[in-house]
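Undergrad: Please find work.pdb (PDB, C-alpha atoms (C1' of nucleotides)) on the next line:
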ATOM      1  CA  MET A   1     -35.804  -4.295  11.094  1.00  0.00           C
ATOM      2  CA  SER A   2     -32.058  -4.172  11.518  1.00  0.00           C
ATOM      3  CA  GLU A   3     -30.138  -1.121  12.532  1.00  0.00           C
ATOM      4  CA  ARG A   4     -28.289   0.762   9.867  1.00  0.00           C
ATOM      5  CA  LYS A   5     -24.532   0.492  10.082  1.00  0.00           C
ATOM      6  CA  TYR A   6     -21.819   2.777   8.794  1.00  0.00           C
ATOM      7  CA  TRP A   7     -18.554   2.121   6.999  1.00  0.00           C
ATOM      8  CA  LEU A   8     -15.550   3.740   5.398  1.00  0.00           C
ATOM      9  CA  MET A   9     -14.162   2.384   2.149  1.00  0.00           C
ATOM     10  CA  LYS A  10     -10.861   3.460   0.627  1.00  0.00           C
ATOM     11  CA  SER A  11      -9.967   3.867  -3.000  1.00  0.00           C
ATOM     12  CA  GLU A  12      -7.053   5.414  -4.787  1.00  0.00           C
ATOM     13  CA  PRO A  13      -8.837   8.019  -6.908  1.00  0.00           C
ATOM     14  CA  TYR A  14      -6.589   7.515  -9.931  1.00  0.00           C
ATOM     15  CA  GLU A  15      -7.877   3.929  -9.876  1.00  0.00           C
ATOM     16  CA  PHE A  16     -11.473   4.681  -8.957  1.00  0.00           C
ATOM     17  CA  SER A  17     -12.787   7.993  -7.655  1.00  0.00           C
ATOM     18  CA  ILE A  18     -16.116   9.331  -6.518  1.00  0.00           C
ATOM     19  CA  ASP A  19     -16.454  11.010  -9.921  1.00  0.00           C
ATOM     20  CA  ASP A  20     -15.994   7.615 -11.554  1.00  0.00           C
ATOM     21  CA  LEU A  21     -18.772   6.283  -9.345  1.00  0.00           C
ATOM     22  CA  MET A  22     -21.075   9.160 -10.318  1.00  0.00           C
ATOM     23  CA  SER A  23     -20.537   8.441 -14.002  1.00  0.00           C
ATOM     24  CA  ARG A  24     -21.481   4.773 -13.733  1.00  0.00           C
ATOM     25  CA  GLU A  25     -24.903   3.534 -14.766  1.00  0.00           C
ATOM     26  CA  ASN A  26     -27.307   4.124 -11.864  1.00  0.00           C
ATOM     27  CA  GLN A  27     -24.279   5.677 -10.137  1.00  0.00           C
ATOM     28  CA  THR A  28     -23.659   2.165  -8.890  1.00  0.00           C
ATOM     29  CA  THR A  29     -20.663  -0.149  -9.033  1.00  0.00           C
ATOM     30  CA  TYR A  30     -19.404  -3.411  -7.603  1.00  0.00           C
ATOM     31  CA  TRP A  31     -16.554  -2.872  -5.150  1.00  0.00           C
ATOM     32  CA  GLU A  32     -14.147  -5.327  -6.739  1.00  0.00           C
ATOM     33  CA  GLY A  33     -10.619  -6.190  -5.786  1.00  0.00           C
ATOM     34  CA  VAL A  34     -10.733  -6.439  -2.008  1.00  0.00           C
ATOM     35  CA  ARG A  35      -8.142  -9.079  -1.141  1.00  0.00           C
ATOM     36  CA  ASN A  36      -7.972  -8.770   2.595  1.00  0.00           C
ATOM     37  CA  TYR A  37      -9.898 -11.199   4.748  1.00  0.00           C
ATOM     38  CA  GLN A  38     -10.978  -8.759   7.411  1.00  0.00           C
ATOM     39  CA  ALA A  39     -12.302  -6.340   4.808  1.00  0.00           C
ATOM     40  CA  ARG A  40     -13.986  -9.181   2.952  1.00  0.00           C
ATOM     41  CA  ASN A  41     -15.648 -10.380   6.126  1.00  0.00           C
ATOM     42  CA  PHE A  42     -17.169  -6.967   6.719  1.00  0.00           C
ATOM     43  CA  MET A  43     -18.755  -7.078   3.264  1.00  0.00           C
ATOM     44  CA  ARG A  44     -19.740 -10.729   3.398  1.00  0.00           C
ATOM     45  CA  ASP A  45     -20.974 -10.959   6.974  1.00  0.00           C
ATOM     46  CA  GLN A  46     -22.020  -7.564   8.190  1.00  0.00           C
ATOM     47  CA  MET A  47     -23.037  -5.192   5.433  1.00  0.00           C
ATOM     48  CA  LYS A  48     -26.718  -4.709   4.757  1.00  0.00           C
ATOM     49  CA  VAL A  49     -28.454  -2.956   1.924  1.00  0.00           C
ATOM     50  CA  GLY A  50     -28.874   0.667   2.918  1.00  0.00           C
ATOM     51  CA  ASP A  51     -25.810   0.925   5.151  1.00  0.00           C
ATOM     52  CA  GLY A  52     -23.972   4.241   4.840  1.00  0.00           C
ATOM     53  CA  VAL A  53     -20.429   4.353   3.468  1.00  0.00           C
ATOM     54  CA  LEU A  54     -17.858   7.149   3.564  1.00  0.00           C
ATOM     55  CA  PHE A  55     -15.837   7.217   0.333  1.00  0.00           C
ATOM     56  CA  TYR A  56     -12.184   7.852   1.236  1.00  0.00           C
ATOM     57  CA  HIS A  57      -9.562   8.858  -1.321  1.00  0.00           C
ATOM     58  CA  SER A  58      -6.216   7.336  -0.354  1.00  0.00           C
ATOM     59  CA  ARG A  59      -2.669   7.755  -1.680  1.00  0.00           C
ATOM     60  CA  VAL A  60      -3.356  11.207  -3.005  1.00  0.00           C
ATOM     61  CA  ASN A  61      -2.858  14.776  -1.888  1.00  0.00           C
ATOM     62  CA  PRO A  62      -4.935  15.925  -0.167  1.00  0.00           C
ATOM     63  CA  LEU A  63      -6.332  12.828   1.512  1.00  0.00           C
ATOM     64  CA  VAL A  64     -10.084  13.304   1.808  1.00  0.00           C
ATOM     65  CA  ILE A  65     -13.483  11.870   2.434  1.00  0.00           C
ATOM     66  CA  ALA A  66     -14.948  12.679  -0.956  1.00  0.00           C
ATOM     67  CA  GLY A  67     -18.571  11.852  -0.245  1.00  0.00           C
ATOM     68  CA  THR A  68     -20.889   9.015   0.618  1.00  0.00           C
ATOM     69  CA  MET A  69     -22.426   5.866  -0.822  1.00  0.00           C
ATOM     70  CA  ASN A  70     -25.021   3.317   0.159  1.00  0.00           C
ATOM     71  CA  VAL A  71     -24.622  -0.428   0.212  1.00  0.00           C
ATOM     72  CA  ALA A  72     -26.815  -1.448  -2.708  1.00  0.00           C
ATOM     73  CA  SER A  73     -26.749  -5.255  -2.835  1.00  0.00           C
ATOM     74  CA  GLU A  74     -26.387  -8.399  -0.827  1.00  0.00           C
ATOM     75  CA  PRO A  75     -22.848  -9.805  -0.826  1.00  0.00           C
ATOM     76  CA  TYR A  76     -21.905 -12.024  -3.765  1.00  0.00           C
ATOM     77  CA  PRO A  77     -18.678 -13.543  -5.120  1.00  0.00           C
ATOM     78  CA  ASP A  78     -16.273 -11.042  -6.700  1.00  0.00           C
ATOM     79  CA  PRO A  79     -16.220 -12.058 -10.398  1.00  0.00           C
ATOM     80  CA  SER A  80     -12.685 -10.760 -10.869  1.00  0.00           C
ATOM     81  CA  GLN A  81     -11.257 -13.612  -8.799  1.00  0.00           C
ATOM     82  CA  PHE A  82     -12.215 -16.041 -11.596  1.00  0.00           C
ATOM     83  CA  ASP A  83     -10.906 -13.906 -14.461  1.00  0.00           C
ATOM     84  CA  PRO A  84      -7.349 -14.807 -15.515  1.00  0.00           C
ATOM     85  CA  ASP A  85      -7.068 -11.467 -17.304  1.00  0.00           C
ATOM     86  CA  SER A  86      -7.923  -9.488 -14.191  1.00  0.00           C
ATOM     87  CA  LYS A  87      -5.232  -8.191 -11.905  1.00  0.00           C
ATOM     88  CA  TYR A  88      -7.441  -9.478  -9.106  1.00  0.00           C
ATOM     89  CA  PHE A  89      -7.397 -13.050 -10.415  1.00  0.00           C
ATOM     90  CA  ASP A  90      -6.972 -15.641  -7.662  1.00  0.00           C
ATOM     91  CA  GLU A  91      -5.964 -19.084  -8.891  1.00  0.00           C
ATOM     92  CA  LYS A  92      -7.017 -20.659  -5.621  1.00  0.00           C
ATOM     93  CA  ALA A  93     -10.604 -19.459  -5.918  1.00  0.00           C
ATOM     94  CA  THR A  94     -13.243 -21.549  -7.689  1.00  0.00           C
ATOM     95  CA  GLU A  95     -16.862 -20.930  -8.610  1.00  0.00           C
ATOM     96  CA  GLU A  96     -17.792 -23.670  -6.142  1.00  0.00           C
ATOM     97  CA  LYS A  97     -15.597 -22.236  -3.411  1.00  0.00           C
ATOM     98  CA  PRO A  98     -15.233 -18.518  -3.992  1.00  0.00           C
ATOM     99  CA  ARG A  99     -12.781 -16.808  -1.744  1.00  0.00           C
ATOM    100  CA  TRP A 100     -13.659 -13.150  -2.272  1.00  0.00           C
ATOM    101  CA  PHE A 101     -16.969 -11.398  -1.884  1.00  0.00           C
ATOM    102  CA  LEU A 102     -18.173  -7.908  -2.607  1.00  0.00           C
ATOM    103  CA  VAL A 103     -21.229  -5.705  -2.490  1.00  0.00           C
ATOM    104  CA  ASP A 104     -22.586  -3.116  -4.881  1.00  0.00           C
ATOM    105  CA  VAL A 105     -22.425   0.479  -3.756  1.00  0.00           C
ATOM    106  CA  GLN A 106     -24.497   3.396  -4.994  1.00  0.00           C
ATOM    107  CA  PHE A 107     -23.541   7.054  -4.919  1.00  0.00           C
ATOM    108  CA  THR A 108     -25.337   9.138  -2.321  1.00  0.00           C
ATOM    109  CA  GLN A 109     -23.694  12.540  -2.154  1.00  0.00           C
ATOM    110  CA  LYS A 110     -20.463  14.317  -2.937  1.00  0.00           C
ATOM    111  CA  PHE A 111     -18.892  16.618  -0.388  1.00  0.00           C
ATOM    112  CA  GLU A 112     -18.140  20.061  -1.856  1.00  0.00           C
ATOM    113  CA  PRO A 113     -15.491  20.663  -0.789  1.00  0.00           C
ATOM    114  CA  PRO A 114     -14.356  17.254   0.422  1.00  0.00           C
ATOM    115  CA  VAL A 115     -13.469  16.787   4.090  1.00  0.00           C
ATOM    116  CA  THR A 116      -9.716  16.522   4.431  1.00  0.00           C
ATOM    117  CA  ARG A 117      -7.806  14.166   6.649  1.00  0.00           C
ATOM    118  CA  ASP A 118      -6.215  17.196   8.281  1.00  0.00           C
ATOM    119  CA  THR A 119      -9.677  18.406   9.288  1.00  0.00           C
ATOM    120  CA  LEU A 120     -10.647  14.981  10.588  1.00  0.00           C
ATOM    121  CA  GLN A 121      -7.497  14.881  12.672  1.00  0.00           C
ATOM    122  CA  GLU A 122      -8.252  18.120  14.437  1.00  0.00           C
ATOM    123  CA  THR A 123     -11.947  17.462  15.054  1.00  0.00           C
ATOM    124  CA  PRO A 124     -13.054  16.461  18.567  1.00  0.00           C
ATOM    125  CA  GLY A 125     -15.038  13.245  18.577  1.00  0.00           C
ATOM    126  CA  LEU A 126     -13.071  11.581  15.808  1.00  0.00           C
ATOM    127  CA  GLU A 127     -10.074  10.594  17.923  1.00  0.00           C
ATOM    128  CA  ASP A 128     -10.915   6.907  17.668  1.00  0.00           C
ATOM    129  CA  MET A 129     -11.623   6.859  13.956  1.00  0.00           C
ATOM    130  CA  MET A 130      -9.769   3.879  12.575  1.00  0.00           C
ATOM    131  CA  VAL A 131      -8.615   5.550   9.368  1.00  0.00           C
ATOM    132  CA  LEU A 132      -6.723   8.152  11.376  1.00  0.00           C
ATOM    133  CA  ARG A 133      -4.684   5.612  13.269  1.00  0.00           C
ATOM    134  CA  LYS A 134      -1.097   5.168  12.204  1.00  0.00           C
ATOM    135  CA  GLY A 135      -0.501   2.109  10.089  1.00  0.00           C
ATOM    136  CA  ALA A 136      -4.209   1.430   9.627  1.00  0.00           C
ATOM    137  CA  ARG A 137      -4.213  -0.338   6.290  1.00  0.00           C
ATOM    138  CA  LEU A 138      -7.627  -1.892   6.416  1.00  0.00           C
ATOM    139  CA  SER A 139      -9.449  -0.765   3.286  1.00  0.00           C
ATOM    140  CA  ILE A 140     -12.931  -1.275   4.713  1.00  0.00           C
ATOM    141  CA  GLN A 141     -13.602  -0.099   8.226  1.00  0.00           C
ATOM    142  CA  PRO A 142     -16.580   0.270  10.518  1.00  0.00           C
ATOM    143  CA  VAL A 143     -17.559   3.831  11.437  1.00  0.00           C
ATOM    144  CA  THR A 144     -19.725   4.777  14.393  1.00  0.00           C
ATOM    145  CA  GLU A 145     -22.978   6.664  13.985  1.00  0.00           C
ATOM    146  CA  GLN A 146     -21.446   9.561  15.901  1.00  0.00           C
ATOM    147  CA  GLU A 147     -18.472   9.652  13.512  1.00  0.00           C
ATOM    148  CA  TRP A 148     -20.841   9.471  10.543  1.00  0.00           C
ATOM    149  CA  ASN A 149     -22.778  12.452  11.874  1.00  0.00           C
ATOM    150  CA  ILE A 150     -19.694  14.517  12.715  1.00  0.00           C
ATOM    151  CA  VAL A 151     -18.232  13.983   9.242  1.00  0.00           C
ATOM    152  CA  HIS A 152     -21.481  15.254   7.718  1.00  0.00           C
ATOM    153  CA  GLU A 153     -21.367  18.310   9.975  1.00  0.00           C
ATOM    154  CA  LEU A 154     -17.854  19.001   8.740  1.00  0.00           C
ATOM    155  CA  ALA A 155     -19.093  18.626   5.168  1.00  0.00           C
ATOM    156  CA  GLY A 156     -21.970  21.013   5.898  1.00  0.00           C
ATOM    157  CA  VAL A 157     -24.649  18.630   4.679  1.00  0.00           C
ATOM    158  CA  ASP A 158     -27.361  16.496   6.200  1.00  0.00           C
ATOM    159  CA  PRO A 159     -26.617  12.790   6.585  1.00  0.00           C
ATOM    160  CA  LYS A 160     -28.501  10.656   4.086  1.00  0.00           C
TER     161      LYS A 160
ATOM    162  C1'  DG B   1       9.072   7.819  -4.514  1.00  0.00           C
ATOM    163  C1'  DC B   2      10.333   6.319   0.190  1.00  0.00           C
ATOM    164  C1'  DC B   3       9.777   3.221   3.663  1.00  0.00           C
ATOM    165  C1'  DA B   4       7.426   1.796   8.149  1.00  0.00           C
ATOM    166  C1'  DA B   5       3.767  -0.914   9.304  1.00  0.00           C
ATOM    167  C1'  DC B   6       1.149  -4.492   8.262  1.00  0.00           C
ATOM    168  C1'  DG B   7      -0.797  -9.028   6.296  1.00  0.00           C
ATOM    169  C1'  DT B   8       0.227 -13.342   4.057  1.00  0.00           C
ATOM    170  C1'  DT B   9       2.926 -17.278   2.773  1.00  0.00           C
ATOM    171  C1'  DG B  10       5.354 -21.353   3.336  1.00  0.00           C
ATOM    172  C1'  DG B  11       9.407 -24.011   5.157  1.00  0.00           C
ATOM    173  C1'  DC B  12      10.319 -26.311   9.052  1.00  0.00           C
TER     174       DC B  12
ATOM    175  C1'  DG C   1       1.655 -23.717  14.462  1.00  0.00           C
ATOM    176  C1'  DC C   2       5.749 -20.714  14.637  1.00  0.00           C
ATOM    177  C1'  DC C   3       7.952 -17.092  12.505  1.00  0.00           C
ATOM    178  C1'  DA C   4      11.250 -15.287   8.850  1.00  0.00           C
ATOM    179  C1'  DA C   5      10.801 -13.655   4.440  1.00  0.00           C
ATOM    180  C1'  DC C   6       8.245 -11.465   1.324  1.00  0.00           C
ATOM    181  C1'  DG C   7       4.764  -8.409  -0.866  1.00  0.00           C
ATOM    182  C1'  DT C   8       1.582  -4.588  -0.233  1.00  0.00           C
ATOM    183  C1'  DT C   9      -0.471  -0.454   1.635  1.00  0.00           C
ATOM    184  C1'  DG C  10      -0.701   4.229   2.230  1.00  0.00           C
ATOM    185  C1'  DG C  11       0.855   8.546   4.822  1.00  0.00           C
ATOM    186  C1'  DC C  12       4.295  11.494   4.150  1.00  0.00           C
TER     187       DC C  12
END
Output the file's structure in the form of C-alpha coordinates.
TA:
Amino acid sequence: MSERKYWLMKSEPYEFSIDDLMSRENQTTYWEGVRNYQARNFMRDQMKVGDGVLFYHSRVNPLVIAGTMNVASEPYPDPSQFDPDSKYFDEKATEEKPRWFLVDVQFTQKFEPPVTRDTLQETPGLEDMMVLRKGARLSIQPVTEQEWNIVHELAGVDPK
DNA sequence: GCCAACGTTGGC
DNA sequence: GCCAACGTTGGC
(Lines of atoms letter the chains of each structure in order from A and count residues from 1; the text may use other names and numbers.)
(Lines give C-alpha, C1' and ligand atoms only; values in the text may rest on other atoms or scores of the structure.)
Protein backbone atom coordinates (compact mmCIF):
# COMPACT_ATOMS: atom_id res chain seq x y z
CA MET A 1 0.00 0.00 0.00
CA SER A 2 1.85 3.05 -1.23
CA GLU A 3 1.28 6.53 0.04
CA ARG A 4 -0.74 8.87 -2.08
CA LYS A 5 1.25 11.67 -3.65
CA TYR A 6 0.18 15.07 -4.88
CA TRP A 7 1.00 17.04 -8.00
CA LEU A 8 0.31 20.23 -9.89
CA MET A 9 -0.11 20.17 -13.65
CA LYS A 10 -0.26 23.26 -15.83
CA SER A 11 -2.30 23.85 -18.93
CA GLU A 12 -3.10 26.91 -20.96
CA PRO A 13 -6.89 26.91 -20.77
CA TYR A 14 -7.36 28.06 -24.36
CA GLU A 15 -5.52 24.85 -25.28
CA PHE A 16 -7.08 22.59 -22.67
CA SER A 17 -9.09 23.73 -19.67
CA ILE A 18 -10.79 22.05 -16.75
CA ASP A 19 -14.09 22.49 -18.60
CA ASP A 20 -12.60 20.60 -21.54
CA LEU A 21 -11.64 17.83 -19.14
CA MET A 22 -15.17 17.70 -17.70
CA SER A 23 -16.65 17.31 -21.17
CA ARG A 24 -14.47 14.35 -22.10
CA GLU A 25 -15.80 10.81 -21.97
CA ASN A 26 -15.53 9.57 -18.37
CA GLN A 27 -14.17 13.06 -17.65
CA THR A 28 -10.82 11.51 -18.41
CA THR A 29 -8.02 12.42 -20.81
CA TYR A 30 -4.43 11.54 -21.60
CA TRP A 31 -2.05 14.35 -20.65
CA GLU A 32 -0.29 14.57 -24.00
CA GLY A 33 2.43 16.89 -25.13
CA VAL A 34 4.80 17.02 -22.18
CA ARG A 35 8.24 17.51 -23.74
CA ASN A 36 10.34 18.20 -20.71
CA TYR A 37 12.38 15.41 -19.19
CA GLN A 38 11.87 16.33 -15.57
CA ALA A 39 8.11 16.52 -16.04
CA ARG A 40 8.14 13.27 -17.99
CA ASN A 41 10.09 11.55 -15.26
CA PHE A 42 7.49 12.51 -12.68
CA MET A 43 4.79 10.86 -14.79
CA ARG A 44 6.86 7.86 -15.80
CA ASP A 45 8.60 7.11 -12.52
CA GLN A 46 6.60 8.49 -9.66
CA MET A 47 2.92 8.89 -10.41
CA LYS A 48 0.55 6.23 -9.15
CA VAL A 49 -3.09 5.68 -9.91
CA GLY A 50 -5.09 7.67 -7.40
CA ASP A 51 -2.56 10.45 -6.84
CA GLY A 52 -4.13 13.89 -6.48
CA VAL A 53 -3.44 16.60 -9.05
CA LEU A 54 -4.09 20.34 -8.90
CA PHE A 55 -5.16 21.65 -12.32
CA TYR A 56 -3.41 24.98 -12.91
CA HIS A 57 -4.44 27.40 -15.66
CA SER A 58 -1.35 29.18 -16.98
CA ARG A 59 -0.83 32.09 -19.39
CA VAL A 60 -4.23 33.54 -18.69
CA ASN A 61 -5.71 36.23 -16.50
CA PRO A 62 -6.38 35.48 -13.74
CA LEU A 63 -3.94 32.65 -13.12
CA VAL A 64 -5.75 30.04 -11.06
CA ILE A 65 -5.95 26.56 -9.69
CA ALA A 66 -9.17 25.57 -11.41
CA GLY A 67 -9.81 22.30 -9.63
CA THR A 68 -8.45 18.83 -9.14
CA MET A 69 -7.90 15.55 -10.96
CA ASN A 70 -6.78 12.04 -10.14
CA VAL A 71 -4.08 10.06 -11.86
CA ALA A 72 -6.13 7.43 -13.66
CA SER A 73 -3.64 5.13 -15.41
CA GLU A 74 -0.19 3.68 -15.30
CA PRO A 75 2.33 5.58 -17.43
CA TYR A 76 2.47 4.67 -21.11
CA PRO A 77 4.11 6.13 -24.23
CA ASP A 78 2.58 9.39 -25.47
CA PRO A 79 1.07 8.45 -28.87
CA SER A 80 1.51 11.96 -30.22
CA GLN A 81 5.28 11.53 -30.40
CA PHE A 82 4.79 9.02 -33.24
CA ASP A 83 2.25 11.07 -35.18
CA PRO A 84 3.81 13.20 -37.94
CA ASP A 85 0.64 15.29 -38.07
CA SER A 86 0.80 16.15 -34.38
CA LYS A 87 2.51 19.27 -33.18
CA TYR A 88 4.05 17.03 -30.54
CA PHE A 89 5.67 14.74 -33.12
CA ASP A 90 9.22 13.75 -32.21
CA GLU A 91 11.23 12.30 -35.09
CA LYS A 92 13.76 10.83 -32.70
CA ALA A 93 11.18 8.73 -30.87
CA THR A 94 10.33 5.21 -32.02
CA GLU A 95 7.75 2.67 -30.93
CA GLU A 96 10.63 0.50 -29.72
CA LYS A 97 12.30 3.36 -27.89
CA PRO A 98 9.64 5.88 -26.94
CA ARG A 99 10.94 9.07 -25.48
CA TRP A 100 7.80 10.58 -23.97
CA PHE A 101 5.39 9.10 -21.49
CA LEU A 102 2.09 10.23 -20.06
CA VAL A 103 -0.67 9.21 -17.71
CA ASP A 104 -4.43 9.50 -17.93
CA VAL A 105 -6.07 11.95 -15.58
CA GLN A 106 -9.68 12.00 -14.43
CA PHE A 107 -11.64 15.00 -13.23
CA THR A 108 -12.28 15.13 -9.50
CA GLN A 109 -13.70 18.52 -8.64
CA LYS A 110 -13.91 22.07 -9.91
CA PHE A 111 -13.21 24.96 -7.58
CA GLU A 112 -16.04 27.52 -7.62
CA PRO A 113 -14.62 30.07 -7.66
CA PRO A 114 -11.12 28.98 -8.63
CA VAL A 115 -8.22 29.75 -6.30
CA THR A 116 -6.16 32.56 -7.76
CA ARG A 117 -2.41 32.82 -7.82
CA ASP A 118 -2.74 36.09 -5.93
CA THR A 119 -4.49 34.22 -3.12
CA LEU A 120 -1.87 31.49 -3.12
CA GLN A 121 0.85 34.10 -2.86
CA GLU A 122 -0.59 35.67 0.24
CA THR A 123 -1.43 32.43 2.05
CA PRO A 124 0.84 31.30 4.90
CA GLY A 125 2.10 27.77 4.40
CA LEU A 126 2.43 28.01 0.64
CA GLU A 127 5.69 29.96 0.61
CA ASP A 128 7.61 27.01 -0.79
CA MET A 129 5.11 26.06 -3.46
CA MET A 130 7.09 25.55 -6.62
CA VAL A 131 4.58 27.16 -8.97
CA LEU A 132 4.90 30.44 -7.08
CA ARG A 133 8.63 30.66 -7.54
CA LYS A 134 9.89 33.09 -10.13
CA GLY A 135 10.93 31.47 -13.36
CA ALA A 136 9.45 28.10 -12.42
CA ARG A 137 8.63 26.69 -15.82
CA LEU A 138 8.21 23.07 -14.90
CA SER A 139 4.77 22.03 -16.12
CA ILE A 140 4.41 19.13 -13.70
CA GLN A 141 5.42 19.67 -10.11
CA PRO A 142 5.22 17.79 -6.84
CA VAL A 143 2.96 19.31 -4.18
CA THR A 144 3.13 18.48 -0.49
CA GLU A 145 0.18 17.06 1.40
CA GLN A 146 0.08 20.23 3.49
CA GLU A 147 -0.08 22.37 0.34
CA TRP A 148 -2.79 20.12 -1.08
CA ASN A 149 -4.85 20.56 2.09
CA ILE A 150 -4.34 24.33 2.29
CA VAL A 151 -5.40 24.80 -1.33
CA HIS A 152 -8.61 22.89 -0.59
CA GLU A 153 -9.25 25.08 2.45
CA LEU A 154 -8.87 28.14 0.24
CA ALA A 155 -11.31 26.58 -2.23
CA GLY A 156 -13.75 25.87 0.61
CA VAL A 157 -14.09 22.19 -0.21
CA ASP A 158 -12.98 18.91 1.27
CA PRO A 159 -9.95 17.25 -0.32
CA LYS A 160 -10.87 14.22 -2.39
C1' DG B 1 2.68 41.04 -26.70
C1' DC B 2 7.06 41.56 -24.14
C1' DC B 3 10.94 39.57 -22.45
C1' DA B 4 13.52 37.29 -18.47
C1' DA B 5 14.38 32.87 -17.12
C1' DC B 6 14.97 28.52 -18.33
C1' DG B 7 15.94 24.02 -20.98
C1' DT B 8 17.92 21.95 -25.03
C1' DT B 9 20.98 21.52 -28.89
C1' DG B 10 25.11 20.97 -31.22
C1' DG B 11 29.78 22.68 -32.65
C1' DC B 12 34.05 22.37 -30.93
C1' DG C 1 31.68 17.71 -21.77
C1' DC C 2 31.62 22.78 -22.13
C1' DC C 3 28.92 26.52 -23.25
C1' DA C 4 27.01 29.85 -26.81
C1' DA C 5 23.09 30.07 -29.44
C1' DC C 6 18.63 29.11 -29.88
C1' DG C 7 13.73 28.05 -28.82
C1' DT C 8 10.14 27.97 -25.32
C1' DT C 9 7.59 29.09 -21.19
C1' DG C 10 4.73 31.84 -18.63
C1' DG C 11 4.10 35.97 -15.41
C1' DC C 12 3.28 40.41 -16.18
Undergrad: For chain C, which of A:Gly125, A:Gly135, A:Gly156, A:Pro114 is the closest residue, counting all atoms listed in the file?
TA: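 Closest residue, counting all atoms listed in the file: A:Gly135.
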Undergrad: Between A:Ile140, A:Val115, A:Ala93, A:Val60, single out the one closest to DG11 (chain C), counting all atoms listed in the file.
TA: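 For DG11 (chain C), the nearest of the candidates is A:Val60.
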Undergrad: For chain A, which residues have at least one atom within 10 Å of chain B, if we go by only C-alpha atoms (C1' of nucleotides)? Write them as a ChimeraX atom specification, please.
TA: /A:36-37,134-138
Undergrad: What is the distance, in Å and to one decimal place, between CA of Gln81 (chain A) and CA of Met22 (chain A)?
TA: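 So the two atoms, CA of Gln81 (chain A) and CA of Met22 (chain A), lie 24.8 Å apart.
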Undergrad: Given the PyMOL selection byres ((chain A and resi 154) around 10) and the file above, list the residues it selects as a list in words.
TA: Phe111, Pro113, Pro114, Val115, Thr116, Thr119, Leu120, Thr123, Asn149, Ile150, Val151, His152, Glu153, Ala155, Gly156 and Val157 of chain A
Undergrad: For the PyMOL selection byres ((chain A and resi 90) around 12), applied here, can you spell out every residue it catches as a list of chain:residue names?
TA: A:Gly33, A:Val34, A:Arg35, A:Asp78, A:Pro79, A:Ser80, A:Gln81, A:Phe82, A:Asp83, A:Pro84, A:Asp85, A:Ser86, A:Lys87, A:Tyr88, A:Phe89, A:Glu91, A:Lys92, A:Ala93, A:Thr94, A:Glu95, A:Lys97, A:Pro98, A:Arg99, A:Trp100
Undergrad: For chain C, I'd like the enclosing box, axis-aligned and padded by 5 Å on every side, reported as AutoDock Vina command-line options with centre and edge lengths in Å to one decimal.
TA:
--center_x 5.3 --center_y -6.1 --center_z 6.9 --size_x 22.0 --size_y 45.2 --size_z 25.5
